Amino acid sequence: MAKHVLVLIGTRKGAFTLESDSGRKSWGLKGPFCATWPMNHVVGNPATGTIFGGGGNEWFGPAVWKSTDLGASWTHSSKGLAYEGGAEPIKAVWTVAAKNGSLYAGVQPAGLFRSDDRGETWQHVEGLQKHPSRPQWTPGGAGLILHSLVLHPNDENQMWIGISAAGVFHTSDSGRTWEPRNKGTRADFLPEGENYPEFGQCVHNLVMAAGRPDRLYQQNHCGMYRSDDGGKNWQSIEKGLPSSFGFPVAAHASDPDTAFMIPLNGDTAGRYVPDAKAAVWRTRDAGKTWQGLREGLPQQNAYFGVLRQAMATDRLEPVGVYFGTSSGTVFASADEGDSFESIAEHLPVITSVETMVVER
Amino acid sequence: MPNDTRHPRPAQAVAITVRLPGVLVDLFPGSTRSVKMSASTVDEMMDEFDRRWPGMRDRLCDSTPAIRKHINVFIDGERAKLDTRLEPGTKVFVIMAISGG
């Protein structure tokens with residue numbers, strides 16, 4: 001038995017996997033899976049080796065796909081993945097999170113579902129829809145989507161969610177009640193003087209720092225942020241970065257002070273990497289300072305973006321960093337971002353990148 | 001065939017034949033493109049699909065409930081709805097509309 005790392009890739013035309021041994025020098029691509037459905041988020045549960053994929057098909061609607069054999073075969077289910085009759089139907093699944101026996105799915109229009117039988121059936125976590133702010137939630141560019149799910153590592157009653165453009169919410173009672181947690185994050189798209197509302201911010205991605213459940217990192221439509229109190233208060237960490245706009249953020253697997261971001265050139269400027277030169281930006285001090293990492297990444301004529309769930313780290317030593325582009329390339333680093341190489345090209349538009357380390 | 005929800009006689013299950021798209025059949029191992037069944041309405045037809053191949057109704061209908069936006073159910077050359085009645089010997093065509101990008 002040896003450790004292998006799987007890079008799980010969601011694209012606009014199906015799911016793919018890339019697999020390597022722990023050296024991460026040679027990669028094998030498999031796919032497309034999931035009947036070439038648009039797959040917004042593909043994740044693995046390392047405890048069981050199960051892969052889940054959330055997506056939605058233009059013809060056949062939303063579903064969570066599942067593979068228990070590392071992608072060789074797949075099933076799909078949306079049983080219970082529905083709002084009450086008369087409500088706007090669910091268009092797609094946008095995120096899936098599995099941890100400690102819990103399995104959740106976030107959907108469009110924004111809502112949360114839980115499965116207690118490994119994705120065979122789903123139950124609506126209705127408390128979120130009952131939040132008093134619900135009638136005022138407004139969709140972001142991709143729609144009213146629940147795209148970020150952060151489960152507490154030690155307390156199954158706690159989780160954080162991110163909704164575009166309703167903001168970050170937290171529950172400590174398994175989803176019965178929710179509290180907005182957006183203090184300190186900007187909404188530049190609101191009138192002057194109203195830029196720090198209780199909710200309505202356009203969160204793009206939310207992750208938890210390694211070993212510190214109270215520390216969260218957030219990429220927002222309007223800035224990059226860190227919270228050290230579970231999202232009750234946010235501090236801007238965008239100083240030193242080339243822009244305040246981007247989609248993904250990834251946390252280091254063992255160092256809570258290290259995180260990775262990929263700023264883009266701006267929401268109205270094409271949403272490319274700045275100056276058409278690709279870089280991953282790394283902080284080693286929780287966002288006080290940043291270092292642009294460019295070795296192995298294209299430094300001219302790079303007109304791609306990286307979407308909100310399309311960057312991840314692995315749990316190997318040293319930590320690997322991966323991201324997938326809107327032009328279908330997967331870049332990987334086996335040295336914490338110091339250098340990158342392309343490990344897959346010419347895939348469909350990449351919507352998500354996650355990793356799973358397995359023994360095989 | 002009209003959406004005859006005002007039809008005076010009670011709905012009665014009748015023998016019909018349904019043609020399904022291959023891409024849908026591929027999602028449900030064991031299903032077939034040509035299906036014979038008894039149903040009184042398109043809604044009942046969907047329920048019978050789900051009884052035979054659990055989950056198939058969700059692929060064809062949303063929670064409104066309605067036939068999905070990009071799925072067309074044709075009977076005698078006209079688009080049917082869930083409450084459309086079925087006549088004995090009806091041939092139903094379930095067809096994927098143009099969609100995607």
# chains A, B, ... in the order shown; residues from 1 in each chain; ligands from 1
$ closest_atom_pairs --of "chain A" --to "chain B" --cutoff "8 Å" --atoms "only C-alpha atoms" --output "JSON lines"
{"residue": "A:Ala35", "atom": "CA", "partner": "B:Leu27", "partner_atom": "CA", "distance": 7.9}
{"residue": "A:Glu58", "atom": "CA", "partner": "B:Gly100", "partner_atom": "CA", "distance": 6.1}
{"residue": "A:Trp59", "atom": "CA", "partner": "B:His70", "partner_atom": "CA", "distance": 5.1}
{"residue": "A:Phe60", "atom": "CA", "partner": "B:Arg59", "partner_atom": "CA", "distance": 4.3}
{"residue": "A:Gly61", "atom": "CA", "partner": "B:Arg59", "partner_atom": "CA", "distance": 6.1}
{"residue": "A:Ser77", "atom": "CA", "partner": "B:Gly55", "partner_atom": "CA", "distance": 6.7}
{"residue": "A:Ser78", "atom": "CA", "partner": "B:Asp58", "partner_atom": "CA", "distance": 7.0}
{"residue": "A:Lys79", "atom": "CA", "partner": "B:Gly55", "partner_atom": "CA", "distance": 6.7}
{"residue": "A:Ala82", "atom": "CA", "partner": "B:Ser63", "partner_atom": "CA", "distance": 6.2}
{"residue": "A:Tyr83", "atom": "CA", "partner": "B:Ser63", "partner_atom": "CA", "distance": 6.7}
{"residue": "A:Glu84", "atom": "CA", "partner": "B:Ser63", "partner_atom": "CA", "distance": 6.8}
{"residue": "A:Gly85", "atom": "CA", "partner": "B:Thr64", "partner_atom": "CA", "distance": 4.7}
{"residue": "A:Gly86", "atom": "CA", "partner": "B:Thr64", "partner_atom": "CA", "distance": 4.7}
{"residue": "A:Ala87", "atom": "CA", "partner": "B:Thr64", "partner_atom": "CA", "distance": 6.4}
{"residue": "A:Glu88", "atom": "CA", "partner": "B:Thr64", "partner_atom": "CA", "distance": 7.0}
{"residue": "A:Pro89", "atom": "CA", "partner": "B:Ser63", "partner_atom": "CA", "distance": 5.6}
{"residue": "A:Ile90", "atom": "CA", "partner": "B:Asp62", "partner_atom": "CA", "distance": 8.0}
$ write_last_selection --atoms "N, CA and C atoms" --output "mmCIF file, in the first residue's frame"
data_model
loop_
_atom_site.group_PDB
_atom_site.id
_atom_site.type_symbol
_atom_site.label_atom_id
_atom_site.label_comp_id
_atom_site.auth_asym_id
_atom_site.auth_seq_id
_atom_site.Cartn_x
_atom_site.Cartn_y
_atom_site.Cartn_z
ATOM 1 N N ALA A 35 -21.593 11.340 -17.424
ATOM 2 C CA ALA A 35 -22.358 11.529 -18.662
ATOM 3 C C ALA A 35 -22.165 12.918 -19.274
ATOM 4 N N GLU A 58 -28.804 20.587 -18.316
ATOM 5 C CA GLU A 58 -29.823 21.450 -18.905
ATOM 6 C C GLU A 58 -31.135 20.706 -19.153
ATOM 7 N N TRP A 59 -31.036 19.435 -19.511
ATOM 8 C CA TRP A 59 -32.243 18.660 -19.784
ATOM 9 C C TRP A 59 -32.796 17.980 -18.535
ATOM 10 N N PHE A 60 -31.897 17.372 -17.763
ATOM 11 C CA PHE A 60 -32.353 16.421 -16.742
ATOM 12 C C PHE A 60 -32.281 16.952 -15.318
ATOM 13 N N GLY A 61 -31.865 18.199 -15.113
ATOM 14 C CA GLY A 61 -31.924 18.797 -13.793
ATOM 15 C C GLY A 61 -30.746 18.466 -12.899
ATOM 16 N N SER A 77 -28.239 10.488 -7.947
ATOM 17 C CA SER A 77 -29.516 10.587 -7.244
ATOM 18 C C SER A 77 -29.877 12.037 -6.997
ATOM 19 N N SER A 78 -31.168 12.309 -7.084
ATOM 20 C CA SER A 78 -31.685 13.600 -6.636
ATOM 21 C C SER A 78 -32.939 13.371 -5.800
ATOM 22 N N LYS A 79 -33.086 12.171 -5.261
ATOM 23 C CA LYS A 79 -34.282 11.856 -4.478
ATOM 24 C C LYS A 79 -34.327 12.740 -3.225
ATOM 25 N N ALA A 82 -35.224 18.630 -3.646
ATOM 26 C CA ALA A 82 -36.253 19.468 -4.268
ATOM 27 C C ALA A 82 -36.905 20.349 -3.222
ATOM 28 N N TYR A 83 -37.321 21.539 -3.668
ATOM 29 C CA TYR A 83 -38.127 22.397 -2.816
ATOM 30 C C TYR A 83 -39.589 21.976 -2.939
ATOM 31 N N GLU A 84 -40.420 22.592 -2.123
ATOM 32 C CA GLU A 84 -41.844 22.269 -2.166
ATOM 33 C C GLU A 84 -42.434 22.679 -3.511
ATOM 34 N N GLY A 85 -43.522 22.002 -3.892
ATOM 35 C CA GLY A 85 -44.214 22.314 -5.135
ATOM 36 C C GLY A 85 -44.593 23.781 -5.194
ATOM 37 N N GLY A 86 -44.444 24.383 -6.367
ATOM 38 C CA GLY A 86 -44.772 25.792 -6.543
ATOM 39 C C GLY A 86 -43.570 26.697 -6.403
ATOM 40 N N ALA A 87 -42.566 26.263 -5.644
ATOM 41 C CA ALA A 87 -41.346 27.068 -5.513
ATOM 42 C C ALA A 87 -40.491 26.908 -6.767
ATOM 43 N N GLU A 88 -39.587 27.852 -6.984
ATOM 44 C CA GLU A 88 -38.683 27.749 -8.131
ATOM 45 C C GLU A 88 -37.875 26.456 -8.017
ATOM 46 N N PRO A 89 -37.914 25.601 -9.017
ATOM 47 C CA PRO A 89 -37.209 24.320 -8.915
ATOM 48 C C PRO A 89 -35.695 24.493 -8.824
ATOM 49 N N ILE A 90 -35.039 23.509 -8.250
ATOM 50 C CA ILE A 90 -33.574 23.521 -8.163
ATOM 51 C C ILE A 90 -32.993 23.311 -9.552
#
$ residues_around --residues "stretch 265-268 of chain A" --least-positions-apart "5" --cutoff "6 Å" --atoms "only C-alpha atoms" --output "count of residues only"
3
$ residues_around --residues "stretch 127-129 of chain A" --least-positions-apart "4" --cutoff "8 Å" --atoms "only C-alpha atoms" --output "list in words"
Gly111, Leu112, Arg134, Gly175, Arg176, Thr177 and Trp178 of chain A
$ select_by_dssp --residues "stretch 48-212 of chain A" --states "helix (DSSP H, G or I)" --output "count of residues only"
6
$ residues_around --residues "stretch 311-322 of chain A" --least-positions-apart "6" --cutoff "10 Å" --atoms "only C-alpha atoms" --output "number ranges by chain"
A: 3-9, 22-24, 247-255, 259-262, 280, 330-343, 351-357
$ atom_distance --atom1 "atom CA of B:Ser34" --atom2 "atom CA of A:Ser73"
25.4 Å
$ atom_distance --atom1 "atom CA of B:Val35" --atom2 "atom CA of B:Ala11"
20.6 Å
$ closest_residue --among "A:Gly55, A:Gly287, A:Phe304, A:Asp257" --to "A:Asp275" --atoms "only C-alpha atoms"
A:Phe304
$ closest_residue --among "B:Lys36, B:Val73, B:Trp53, B:Asp43" --to "B:Val92" --atoms "only C-alpha atoms"
B:Val73
$ atom_distance --atom1 "atom CA of A:Lys232" --atom2 "atom CA of A:Pro139"
23.2 Å
$ closest_residue --among "A:Ser243, A:Ser115, A:Thr121, A:Ser102" --to "A:Arg271" --atoms "only C-alpha atoms"
A:Ser243
$ select_by_dssp --residues "chain B" --states "strand (DSSP E)" --output "count of residues only"
29
$ closest_residue --among "A:His204, A:Lys30, A:Arg215, A:Arg294" --to "A:Gln235" --atoms "only C-alpha atoms"
A:Arg215
$ closest_residue --among "A:Gly49, A:Leu347, A:Lys91, A:Val203" --to "A:Gly141" --atoms "only C-alpha atoms"
A:Val203
$ closest_residue --among "B:Asp83, B:Pro21, B:Arg33, B:Glu78" --to "B:Met45" --atoms "only C-alpha atoms"
B:Asp83
$ decode --residues "stretch 136-157 of chain A" --atoms "N, CA and C atoms" --output "short mmCIF file (atom, residue, chain, number, x, y, z; two decimals), in the first residue's frame"
data_model
loop_
_atom_site.label_atom_id
_atom_site.label_comp_id
_atom_site.auth_asym_id
_atom_site.auth_seq_id
_atom_site.Cartn_x
_atom_site.Cartn_y
_atom_site.Cartn_z
N GLN A 136 -34.70 39.01 0.79
CA GLN A 136 -33.85 40.08 0.23
C GLN A 136 -32.60 39.54 -0.46
N TRP A 137 -32.40 38.25 -0.47
CA TRP A 137 -31.22 37.71 -1.16
C TRP A 137 -31.33 37.99 -2.66
N THR A 138 -30.22 38.42 -3.24
CA THR A 138 -30.23 38.71 -4.67
C THR A 138 -29.13 37.89 -5.36
N PRO A 139 -29.39 37.44 -6.57
CA PRO A 139 -28.40 36.59 -7.24
C PRO A 139 -27.17 37.35 -7.70
N GLY A 140 -26.02 36.67 -7.68
CA GLY A 140 -24.81 37.19 -8.29
C GLY A 140 -24.80 36.82 -9.76
N GLY A 141 -23.65 36.99 -10.41
CA GLY A 141 -23.55 36.75 -11.84
C GLY A 141 -23.88 35.33 -12.24
N ALA A 142 -23.59 34.36 -11.37
CA ALA A 142 -23.85 32.96 -11.70
C ALA A 142 -25.21 32.50 -11.19
N GLY A 143 -25.99 33.44 -10.63
CA GLY A 143 -27.28 33.07 -10.07
C GLY A 143 -27.22 33.10 -8.55
N LEU A 144 -28.34 32.80 -7.92
CA LEU A 144 -28.40 32.76 -6.45
C LEU A 144 -27.94 31.37 -6.01
N ILE A 145 -26.64 31.28 -5.73
CA ILE A 145 -26.06 29.95 -5.53
C ILE A 145 -25.44 29.82 -4.15
N LEU A 146 -25.63 28.66 -3.54
CA LEU A 146 -24.91 28.31 -2.31
C LEU A 146 -23.71 27.49 -2.75
N HIS A 147 -22.53 28.13 -2.74
CA HIS A 147 -21.36 27.51 -3.36
C HIS A 147 -20.27 27.12 -2.38
N SER A 148 -20.33 27.64 -1.14
CA SER A 148 -19.27 27.31 -0.19
C SER A 148 -19.88 26.65 1.04
N LEU A 149 -19.31 25.54 1.43
CA LEU A 149 -19.76 24.79 2.60
C LEU A 149 -18.52 24.46 3.41
N VAL A 150 -18.47 24.95 4.64
CA VAL A 150 -17.33 24.66 5.51
C VAL A 150 -17.88 23.97 6.76
N LEU A 151 -17.56 22.70 6.93
CA LEU A 151 -18.04 21.95 8.08
C LEU A 151 -17.01 22.04 9.19
N HIS A 152 -17.49 22.17 10.44
CA HIS A 152 -16.58 22.22 11.58
C HIS A 152 -15.94 20.84 11.76
N PRO A 153 -14.64 20.79 12.01
CA PRO A 153 -13.99 19.48 12.08
C PRO A 153 -14.35 18.67 13.33
N ASN A 154 -14.77 19.36 14.40
CA ASN A 154 -15.01 18.66 15.66
C ASN A 154 -16.45 18.77 16.17
N ASP A 155 -17.24 19.63 15.57
CA ASP A 155 -18.60 19.88 16.06
C ASP A 155 -19.56 19.76 14.88
N GLU A 156 -20.27 18.65 14.82
CA GLU A 156 -21.12 18.41 13.66
C GLU A 156 -22.32 19.36 13.59
N ASN A 157 -22.57 20.11 14.66
CA ASN A 157 -23.68 21.07 14.64
C ASN A 157 -23.31 22.39 13.99
#
